[in-house]
Amino acid sequence: MCMAAFSGLSLLTYAQQPAKKPLDHSVYDGWQSIGSKMISNNGQWTVYTVTPQEGDATLVIYNNKTKKSLEVPRGANPIITEDSRYAIFAIKTPFAVTRQAKIKKKKPSEMPKDSMGIVTLGNDNIYKVPAVRSFKTPEKGSGVLVYLKEKPQADTTSGNLVIHYLHKQSADTIRNVQDYQISKPGNHLLAEIVADKKDSLSRGAVLLWQITNGKKDTLSRGTAQRKQFTFDEKGTQLAWCSSRDSVKALQHFYSLYYYRTGQDTAKIIADRTTKAFPDNWSVSPDGKAWFSENGERLFFGTAPIQPARDTNIVDFEVAKVDVWNYLDDYLQPMQLKNLDRELKRSYQAVYYTGSEKILQLADKDMEYVTVADRGNSPYAVGYTDKGQRVSAQWTGNTLKTSYLVHMENGNRKLLQTNIDSISRISPKGNYITWYNLKEKQWYAYETATGITRNITAKIPVSLSEEDDDHPDQPSPYGIAGWLEGDRAVYIYDRYDIWQVDPSGKAAPQLLTAGYGREQKLRFRYVQLNKEERFFTPGQTLLLETFNETTKENGFYTTASTFKKAPVKPTLVVMGPYTFGDPVKAENADNYLFTKASYVLSPDVYTGTSLNNAEQISHINPQQQEYNWGTAELFKWTAYNGKPAEGILYKPADFDSTKKYPVLLYFYEKLSEGLYNYIPPAPTPSRLNISFFVSRGYLVLAPDISYENGHPGQGAYDYVVSGARALAAHPWADSLNMGIQGQSWGGYQVAYLITQTSLFKAAWAGAPVANMTSAYGGIRWESGMNRQFQYERSQSRIGATLWEKPELYIENSPLFHLPKVTTPLAIMSNDADGAVPWYQGIELFTGLRRLGKPVWMLNYNNEAHNLVQRQNRKDIQRREQQFFDHFLKNAPAPEWMQVGIPATEKGRNWGW
């Protein structure tokens with residue numbers, strides 16, 4: 001009796017629980033993510049930011065020992081000092097205040113200014129400094145903070161530089177500073193001072209401040225344009241580029257200045273008169289200046305001197321014309337796209353600080369040079385694609401010629417011609433490696449002997465992508481790293497890591513003992529130390545691990561070397577999650593990472609190991625109020641007879657006795673993201689899966705494989721078979737199924753509706769409708785011609801338009817539009833840099849001509865994927881209205897029923 005009464009009460013209580021809300025368009029702005037995150041060198045402190053999609057972020061400082069935290073409203077861009085004693089961060093102006101200033105169209109000088117915060121770790125007091133433009137601390141030193149304060153006056157490029165001695169709680173100030181640099185050890189500060197317009201006696205200068213004793217040295221005087229300030233590793237040498245020419249001068253000539261401790265002032269070591277440069281070349285202000293690790297070399301950029309600007313040209317009297325020539329290295333659109341980069345292109349040169357010798361390393365016949373051993377090595381590798389650039393129009397890449405460069409004299413030795421990958425030099429400079437795509441082998445050139453070896457011929461498995469289905473040579477899996485002294489190189493196959501002797505003396509050995517291939521585990525090395533250049537013998541390597549069967553993620557470890565025989569890696573953690581960017585404290589065994597799944601927001605975890613960590617953030621608690629969803633693997637057999645799989649998303653309140661409308665979203669292969677968290681966010685044009693699942697849709701994301709020449713058929717074989725396999729379940733409403741895709745997915749949507757009437761509604765973002773016209777078009781974002789995409793890449797035709805025109809027609813939706821019965825919405829934007837927007841126009845006008853229901857959205861001056869947040873919010877609302885109308889029988893909105901006349905644009909949204 002009591003049991004029955006209790007049972008009835010329990011059922012009543014359960015029945016009265018309110019159903020969770022579906023997601024709506026109001027939730028986006030407040031949905032949070034983890035931004036910056038870092039751990040102190042001693043492992044005691046974790047600092048991270050919680051950032052809403054729109055609004056004010058929060059900085060959290062967490063004590064890993066006491067488990068207590070300090071929250072700083074609007075904190076951003078944190079730094080933890082090298083000695084783990086202080087956290088420094090920006091304090092942003094409130095979002096609402098900045099928004100109002102933008103609405104009022106205030107000048108940049110009138111905009112609200114950010115502040116800076118300083119926290120002594122272990123103390124909850126926040127020391128705030130208003131109107132701070134930027135701040136820096138030394139990378140390898142402590143005790144000093146340098147920050148630039150805004151001047152309380154309008155439109156100025158300079159400010160007052162404050163040198164804050166953290167341990168002494170005292171400060172010095174340098175006025176009228178435009179640029180500044182602090183050395184890595186924190187012993188010296190360089191400040192560029194500009195003349196104060198209100199003080200006729202002030203002059204520009206470069207000032208060196210000795211932080212240990214406050215001594216000041218003026219290294220250069222006078223007004224100049226100065227760039228590329230750089231210190232050496234010890235902070236005892238520095239350099240910069242400078243031009244004394246007026247800003248308004250028709251031509252600018254730069255010199256390279258050099259200073260070392262003990263000199264009275266900086267001296268010019270290179271300029272346009274330097275004999276080591278090619279004729280009519282000089283120092284480039286756009287080439288990075290940097291010192292080798294040992295301080296014996298100063299690398300800098302040079303470039304041809306640009307001709308003086310012609311003041312006789314009157315803009316409105318001259319023609320504006322681009323001349324396309326078939327002999328051009330690059331097509332005109334690509335030249336114009338890269339115009340600024342080419343005008344700023346520099347070529348590497350080097351100054352020897354001891355002998356004062358200068359060598360020009362790179363030039364127009366060999367544009368790229370990479371020096372090994374942080375600039376210390378006697379060798380470098382150089383390469384060029386000169387003479388091979390025209391073919392990029394149809395291959396997408398260029399063949400290279402590589403050289404060994406001798407650093408003592410700049411001499412070059414030809415290594416390889418017409419190689420299809422970039423040559424790279426080993427950490428100590430003993431070997432130069434490259435991958436031969438046709439042979440599918442790695443080669444190594446030994447710099448000391450001049451011997452070239454195939455170093456992977458004895459490896460019995462493929463070192464290039466085994467499941468690649470493009471009509472081109474598959475890419476290699478890559479290199480994990482090198483053993484100290486260049487004694488071994490570690491090369492990936494699909495699953496495992498091979499230890500390879502570049503000298504060819506020892507046979508390749510499986511570092512991971514073949515356990516990856518045996519268990520279908522993909523091992524990839526995680527570099528925890530950002531300054532690491534090579535592995536040390538016996539070093540424990542952390543391996544990011546992906547299970548191809550279960551789609552689970554995690555970590556294993558293995559040793560970098562082994563005495564007798566390799567052993568299988570050691571499991572650290574694996575599970576139905578994704579793990580993000582693990583970080584280790586430099587001087588302690590403390591780790592920091594994020595962990596997430598489809599149902600769990602990516603939160604911050606910290607602990608002494610990756611399998612014993614504590615969750616310290618709890619973002620998006622509001623998710624519990626909403627009907628979220630679940631994600632699971634869904635498997636079936638595709639129409640080509642091959643096994644197929646994808647991700648099936650269901651609402652959290654899924655009831656197998658009900659029927660649910662279905663959306664299919666696809667691109668190529670998405671199942672590896674089974675455990676990805678998908679926040680409800682206004683979409684750049686893809687399907688917002690979490691949003692639709694929450695509102696009662698099933699979403700299937702099928703993987704697709706392709707055969708050369710028949711990409712459309714590949715989409716049909718997998719998408720339609722997946723839809724029908726899902727429809728075999730009584731809870732999937734086969735009469736209310738829709739498809740959505742963006743870019744390549746958009747093309748497949750457009751193709752599928754010409755081949756089947758299964759789908760009741762379709763949405764195609766940035767689709768290609770006509771491969772015959774798209775083939776010769778331009779990808780305006782890069783300026784590249786689209787031919788390579790069809791012959792070698794994603795579109796997978798594998799032949800020219802002239803060789804196999806029937807394949808271009810077969811795979812083009814435009815030629816099959818009379819068969820379409822599915823209503824279609826298209827997004828095609830007039831500033832799309834990947835797919836010419838006329839492709840959307842061809843699709844729209846063709847269907848309109850045939851009397852088919854079709855709509856097109858052109859977001860003005862928008863990209864391939866929407867960038868502006870207001871446009872993302874708009875398309876999200878329209879996608880919901882579109883699919884709700886066709887798959888849920890909701891009323892059609894005004895924009896679908898009658899459209900929006902141009903006369904009402906900007907006033908009536910038609911929602």
# chains A, B, ... in the order shown; residues from 1 in each chain; ligands from 1
call {"tool": "residues_around", "arguments": {"residues": "A:Ser69", "least_positions_apart": "6", "cutoff": "9 Å", "atoms": "only C-alpha atoms", "output": "VMD selection string"}}
result
chain A and resid 60 to 63 124
call {"tool": "write_last_selection", "arguments": {"atoms": "N, CA and C atoms", "output": "compact mmCIF listing (two decimals), in the first residue's frame"}}
result
# COMPACT_ATOMS: atom_id res chain seq x y z
N VAL A 60 39.77 34.64 -15.22
CA VAL A 60 39.79 33.85 -13.99
C VAL A 60 41.24 33.50 -13.64
N ILE A 61 41.63 33.80 -12.40
CA ILE A 61 42.94 33.41 -11.87
C ILE A 61 42.70 32.35 -10.81
N TYR A 62 43.19 31.14 -11.05
CA TYR A 62 42.86 29.99 -10.21
C TYR A 62 44.12 29.47 -9.53
N ASN A 63 44.03 29.28 -8.21
CA ASN A 63 45.14 28.73 -7.44
C ASN A 63 45.01 27.21 -7.40
N ASP A 124 44.27 38.99 -3.67
CA ASP A 124 43.10 39.27 -4.50
C ASP A 124 42.98 40.74 -4.91
call {"tool": "closest_atom_pairs", "arguments": {"of": "stretch 409-525 of chain A", "to": "stretch 539-548 of chain A", "cutoff": "6 Å", "atoms": "only C-alpha atoms", "output": "CSV"}}
result
residue,atom,partner,partner_atom,distance
A:Lys520,CA,A:Glu548,CA,5.7
A:Leu521,CA,A:Asn547,CA,4.7
A:Arg522,CA,A:Phe546,CA,5.1
A:Phe523,CA,A:Thr545,CA,4.8
A:Arg524,CA,A:Glu544,CA,5.1
A:Tyr525,CA,A:Leu543,CA,4.5
call {"tool": "residues_around", "arguments": {"residues": "A:Glu150", "least_positions_apart": "4", "cutoff": "6 Å", "atoms": "only C-alpha atoms", "output": "VMD selection string"}}
result
chain A and resid 131 to 133 159
call {"tool": "write_last_selection", "arguments": {"atoms": "N, CA and C atoms", "output": "compact mmCIF listing (two decimals), in the first residue's frame"}}
result
# COMPACT_ATOMS: atom_id res chain seq x y z
N ALA A 131 43.89 53.68 -19.25
CA ALA A 131 44.36 54.14 -20.56
C ALA A 131 45.72 53.58 -20.94
N VAL A 132 45.84 52.23 -20.95
CA VAL A 132 47.08 51.57 -21.35
C VAL A 132 46.91 50.99 -22.75
N ARG A 133 47.83 51.36 -23.62
CA ARG A 133 47.75 50.91 -25.01
C ARG A 133 48.32 49.50 -25.18
N GLY A 159 53.06 57.67 -26.77
CA GLY A 159 52.53 57.71 -25.41
C GLY A 159 53.67 57.78 -24.42
call {"tool": "residues_around", "arguments": {"residues": "stretch 78-88 of chain A", "least_positions_apart": "6", "cutoff": "10 Å", "atoms": "only C-alpha atoms", "output": "PyMOL selection string"}}
result
chain A and resi 36-49+59-61+116-123+126-128+135-145+166-167+586
call {"tool": "write_last_selection", "arguments": {"atoms": "C-alpha atoms", "output": "CSV table (one decimal), in the first residue's frame"}}
result
chain,number,residue,atom,x,y,z
A,36,SER,CA,43.1,32.5,-23.5
A,37,LYS,CA,44.5,29.9,-21.1
A,38,MET,CA,47.9,29.4,-19.5
A,39,ILE,CA,49.7,27.9,-16.5
A,40,SER,CA,52.5,29.5,-14.5
A,41,ASN,CA,56.0,28.1,-14.7
A,42,ASN,CA,55.8,26.7,-11.2
A,43,GLY,CA,52.5,25.0,-11.9
A,44,GLN,CA,50.6,26.7,-9.1
A,45,TRP,CA,48.5,29.2,-11.1
A,46,THR,CA,46.0,28.8,-14.0
A,47,VAL,CA,44.7,31.8,-15.8
A,48,TYR,CA,42.0,31.7,-18.4
A,49,THR,CA,39.2,33.8,-19.9
A,59,LEU,CA,39.3,36.6,-16.6
A,60,VAL,CA,39.8,33.9,-14.0
A,61,ILE,CA,42.9,33.4,-11.9
A,116,MET,CA,45.6,47.3,-17.4
A,117,GLY,CA,45.4,45.1,-14.3
A,118,ILE,CA,48.1,43.7,-12.2
A,119,VAL,CA,47.6,41.0,-9.6
A,120,THR,CA,50.2,39.7,-7.2
A,121,LEU,CA,49.4,36.0,-7.3
A,122,GLY,CA,48.1,34.9,-3.9
A,123,ASN,CA,46.6,38.4,-3.3
A,126,ILE,CA,43.8,44.3,-8.4
A,127,TYR,CA,46.1,47.2,-9.2
A,128,LYS,CA,44.5,49.1,-12.1
A,135,PHE,CA,52.3,46.1,-22.2
A,136,LYS,CA,55.2,43.6,-22.2
A,137,THR,CA,57.3,41.5,-19.8
A,138,PRO,CA,60.6,39.8,-20.6
A,139,GLU,CA,60.3,36.3,-21.9
A,140,LYS,CA,63.2,34.9,-19.8
A,141,GLY,CA,63.4,37.5,-17.1
A,142,SER,CA,61.3,38.8,-14.2
A,143,GLY,CA,60.8,41.8,-12.0
A,144,VAL,CA,59.9,44.3,-14.6
A,145,LEU,CA,56.7,45.3,-16.5
A,166,LEU,CA,57.4,44.9,-9.8
A,167,HIS,CA,59.5,43.8,-6.8
A,586,GLU,CA,57.7,24.6,-17.5
call {"tool": "closest_residue", "arguments": {"among": "A:Gly262, A:Pro661, A:Gly776, A:Gly833", "to": "A:Met737", "atoms": "only C-alpha atoms"}}
result
A:Pro661
call {"tool": "residues_around", "arguments": {"residues": "A:Asp271", "least_positions_apart": "3", "cutoff": "9 Å", "atoms": "only C-alpha atoms", "output": "PDB file with C-alpha atoms, in the first residue's frame"}}
result
ATOM      1  CA  PHE A 253      66.221  54.587 -48.505  1.00  0.00           C
ATOM      2  CA  TYR A 254      66.714  52.486 -45.395  1.00  0.00           C
ATOM      3  CA  SER A 255      69.886  51.665 -43.484  1.00  0.00           C
ATOM      4  CA  LEU A 256      70.571  48.886 -40.981  1.00  0.00           C
ATOM      5  CA  ILE A 268      75.183  51.926 -39.872  1.00  0.00           C
ATOM      6  CA  THR A 274      76.750  48.036 -49.585  1.00  0.00           C
ATOM      7  CA  TRP A 281      69.282  47.002 -53.880  1.00  0.00           C
ATOM      8  CA  SER A 282      69.151  48.202 -50.311  1.00  0.00           C
ATOM      9  CA  VAL A 283      67.990  47.316 -46.799  1.00  0.00           C
TER      10      VAL A 283
END
call {"tool": "residues_around", "arguments": {"residues": "A:Ala289", "least_positions_apart": "5", "cutoff": "6 Å", "atoms": "only C-alpha atoms", "output": "PyMOL selection string"}}
result
chain A and resi 228+299-300
call {"tool": "residues_around", "arguments": {"residues": "A:Leu807", "least_positions_apart": "5", "cutoff": "8 Å", "atoms": "only C-alpha atoms", "output": "compact mmCIF listing (two decimals) with N, CA and C atoms, in the first residue's frame"}}
result
# COMPACT_ATOMS: atom_id res chain seq x y z
N GLY A 709 36.16 11.48 -61.24
CA GLY A 709 35.28 11.70 -62.38
C GLY A 709 33.81 11.69 -62.04
N HIS A 710 33.44 11.23 -60.83
CA HIS A 710 32.03 11.10 -60.50
C HIS A 710 31.72 11.57 -59.06
N ILE A 797 37.26 15.81 -60.85
CA ILE A 797 37.00 15.35 -62.21
C ILE A 797 38.21 14.59 -62.75
call {"tool": "select_by_dssp", "arguments": {"residues": "stretch 465-712 of chain A", "states": "strand (DSSP E)", "output": "number ranges by chain"}}
result
A: 479-482, 489-492, 497-500, 509-510, 521-526, 540-547, 553-559, 570-575, 578-584, 591-596, 603-609, 612-615, 629-637, 643-651, 660-665, 698-702
call {"tool": "closest_residue", "arguments": {"among": "A:Leu23, A:Ile305, A:Leu510, A:Val835", "to": "A:Trp628", "atoms": "only C-alpha atoms"}}
result
A:Leu23
call {"tool": "select_by_dssp", "arguments": {"residues": "stretch 845-879 of chain A", "states": "helix (DSSP H, G or I)", "output": "list in words"}}
result
Thr845, Gly846, Leu847, Arg848, Arg849, Arg869, Gln870, Asn871, Arg872, Lys873, Asp874, Ile875, Gln876, Arg877, Arg878 and Glu879 of chain A
call {"tool": "closest_residue", "arguments": {"among": "A:Val369, A:Ile616, A:Ala834, A:Leu592", "to": "A:Lys68", "atoms": "only C-alpha atoms"}}
result
A:Ile616
call {"tool": "decode", "arguments": {"residues": "stretch 67-94 of chain A", "atoms": "N, CA and C atoms", "output": "PDB file, in the first residue's frame"}}
result
ATOM      1  N   LYS A  67      42.611  25.821  -4.517  1.00  0.00           N
ATOM      2  CA  LYS A  67      41.370  25.634  -5.271  1.00  0.00           C
ATOM      3  C   LYS A  67      40.485  26.884  -5.236  1.00  0.00           C
ATOM      4  N   LYS A  68      41.060  28.023  -4.943  1.00  0.00           N
ATOM      5  CA  LYS A  68      40.311  29.271  -4.928  1.00  0.00           C
ATOM      6  C   LYS A  68      40.599  30.061  -6.196  1.00  0.00           C
ATOM      7  N   SER A  69      39.627  30.890  -6.581  1.00  0.00           N
ATOM      8  CA  SER A  69      39.792  31.653  -7.816  1.00  0.00           C
ATOM      9  C   SER A  69      39.414  33.113  -7.611  1.00  0.00           C
ATOM     10  N   LEU A  70      39.995  33.933  -8.465  1.00  0.00           N
ATOM     11  CA  LEU A  70      39.684  35.365  -8.507  1.00  0.00           C
ATOM     12  C   LEU A  70      39.153  35.669  -9.892  1.00  0.00           C
ATOM     13  N   GLU A  71      37.995  36.299  -9.982  1.00  0.00           N
ATOM     14  CA  GLU A  71      37.409  36.665 -11.262  1.00  0.00           C
ATOM     15  C   GLU A  71      37.576  38.158 -11.510  1.00  0.00           C
ATOM     16  N   VAL A  72      37.996  38.488 -12.721  1.00  0.00           N
ATOM     17  CA  VAL A  72      38.211  39.880 -13.101  1.00  0.00           C
ATOM     18  C   VAL A  72      37.289  40.200 -14.271  1.00  0.00           C
ATOM     19  N   PRO A  73      36.264  41.009 -14.049  1.00  0.00           N
ATOM     20  CA  PRO A  73      35.365  41.371 -15.149  1.00  0.00           C
ATOM     21  C   PRO A  73      36.122  42.065 -16.280  1.00  0.00           C
ATOM     22  N   ARG A  74      35.865  41.635 -17.481  1.00  0.00           N
ATOM     23  CA  ARG A  74      36.393  42.233 -18.710  1.00  0.00           C
ATOM     24  C   ARG A  74      37.902  42.044 -18.875  1.00  0.00           C
ATOM     25  N   GLY A  75      38.493  41.113 -18.117  1.00  0.00           N
ATOM     26  CA  GLY A  75      39.919  40.847 -18.264  1.00  0.00           C
ATOM     27  C   GLY A  75      40.229  40.136 -19.562  1.00  0.00           C
ATOM     28  N   ALA A  76      41.388  40.423 -20.159  1.00  0.00           N
ATOM     29  CA  ALA A  76      41.759  39.843 -21.458  1.00  0.00           C
ATOM     30  C   ALA A  76      43.273  39.874 -21.621  1.00  0.00           C
ATOM     31  N   ASN A  77      43.772  39.101 -22.594  1.00  0.00           N
ATOM     32  CA  ASN A  77      45.186  39.099 -23.001  1.00  0.00           C
ATOM     33  C   ASN A  77      46.141  38.946 -21.818  1.00  0.00           C
ATOM     34  N   PRO A  78      45.981  37.894 -21.008  1.00  0.00           N
ATOM     35  CA  PRO A  78      46.796  37.772 -19.797  1.00  0.00           C
ATOM     36  C   PRO A  78      48.236  37.346 -20.061  1.00  0.00           C
ATOM     37  N   ILE A  79      49.114  37.705 -19.134  1.00  0.00           N
ATOM     38  CA  ILE A  79      50.499  37.251 -19.082  1.00  0.00           C
ATOM     39  C   ILE A  79      50.765  36.820 -17.643  1.00  0.00           C
ATOM     40  N   ILE A  80      51.428  35.683 -17.451  1.00  0.00           N
ATOM     41  CA  ILE A  80      51.963  35.330 -16.140  1.00  0.00           C
ATOM     42  C   ILE A  80      53.466  35.539 -16.216  1.00  0.00           C
ATOM     43  N   THR A  81      54.019  36.283 -15.284  1.00  0.00           N
ATOM     44  CA  THR A  81      55.443  36.583 -15.342  1.00  0.00           C
ATOM     45  C   THR A  81      56.274  35.316 -15.195  1.00  0.00           C
ATOM     46  N   GLU A  82      57.483  35.385 -15.676  1.00  0.00           N
ATOM     47  CA  GLU A  82      58.363  34.218 -15.730  1.00  0.00           C
ATOM     48  C   GLU A  82      58.623  33.626 -14.351  1.00  0.00           C
ATOM     49  N   ASP A  83      58.597  34.465 -13.304  1.00  0.00           N
ATOM     50  CA  ASP A  83      58.848  33.972 -11.947  1.00  0.00           C
ATOM     51  C   ASP A  83      57.577  33.505 -11.239  1.00  0.00           C
ATOM     52  N   SER A  84      56.455  33.465 -11.948  1.00  0.00           N
ATOM     53  CA  SER A  84      55.171  32.971 -11.415  1.00  0.00           C
ATOM     54  C   SER A  84      54.652  33.816 -10.257  1.00  0.00           C
ATOM     55  N   ARG A  85      54.988  35.093 -10.223  1.00  0.00           N
ATOM     56  CA  ARG A  85      54.570  35.943  -9.101  1.00  0.00           C
ATOM     57  C   ARG A  85      53.455  36.919  -9.448  1.00  0.00           C
ATOM     58  N   TYR A  86      53.296  37.223 -10.726  1.00  0.00           N
ATOM     59  CA  TYR A  86      52.316  38.236 -11.109  1.00  0.00           C
ATOM     60  C   TYR A  86      51.523  37.795 -12.338  1.00  0.00           C
ATOM     61  N   ALA A  87      50.283  38.247 -12.387  1.00  0.00           N
ATOM     62  CA  ALA A  87      49.472  38.140 -13.587  1.00  0.00           C
ATOM     63  C   ALA A  87      49.167  39.557 -14.055  1.00  0.00           C
ATOM     64  N   ILE A  88      49.426  39.813 -15.323  1.00  0.00           N
ATOM     65  CA  ILE A  88      49.154  41.127 -15.915  1.00  0.00           C
ATOM     66  C   ILE A  88      48.178  40.921 -17.055  1.00  0.00           C
ATOM     67  N   PHE A  89      47.230  41.823 -17.201  1.00  0.00           N
ATOM     68  CA  PHE A  89      46.180  41.633 -18.198  1.00  0.00           C
ATOM     69  C   PHE A  89      45.557  42.967 -18.571  1.00  0.00           C
ATOM     70  N   ALA A  90      44.890  42.974 -19.705  1.00  0.00           N
ATOM     71  CA  ALA A  90      44.107  44.140 -20.109  1.00  0.00           C
ATOM     72  C   ALA A  90      42.739  44.070 -19.447  1.00  0.00           C
ATOM     73  N   ILE A  91      42.166  45.221 -19.203  1.00  0.00           N
ATOM     74  CA  ILE A  91      40.780  45.311 -18.741  1.00  0.00           C
ATOM     75  C   ILE A  91      40.030  46.106 -19.813  1.00  0.00           C
ATOM     76  N   LYS A  92      39.230  45.398 -20.568  1.00  0.00           N
ATOM     77  CA  LYS A  92      38.570  45.999 -21.718  1.00  0.00           C
ATOM     78  C   LYS A  92      37.465  46.964 -21.279  1.00  0.00           C
ATOM     79  N   THR A  93      37.234  47.953 -22.123  1.00  0.00           N
ATOM     80  CA  THR A  93      36.090  48.840 -21.908  1.00  0.00           C
ATOM     81  C   THR A  93      34.803  48.034 -22.015  1.00  0.00           C
ATOM     82  N   PRO A  94      33.802  48.324 -21.181  1.00  0.00           N
ATOM     83  CA  PRO A  94      32.545  47.568 -21.288  1.00  0.00           C
ATOM     84  C   PRO A  94      32.007  47.559 -22.720  1.00  0.00           C
TER      85      PRO A  94
END
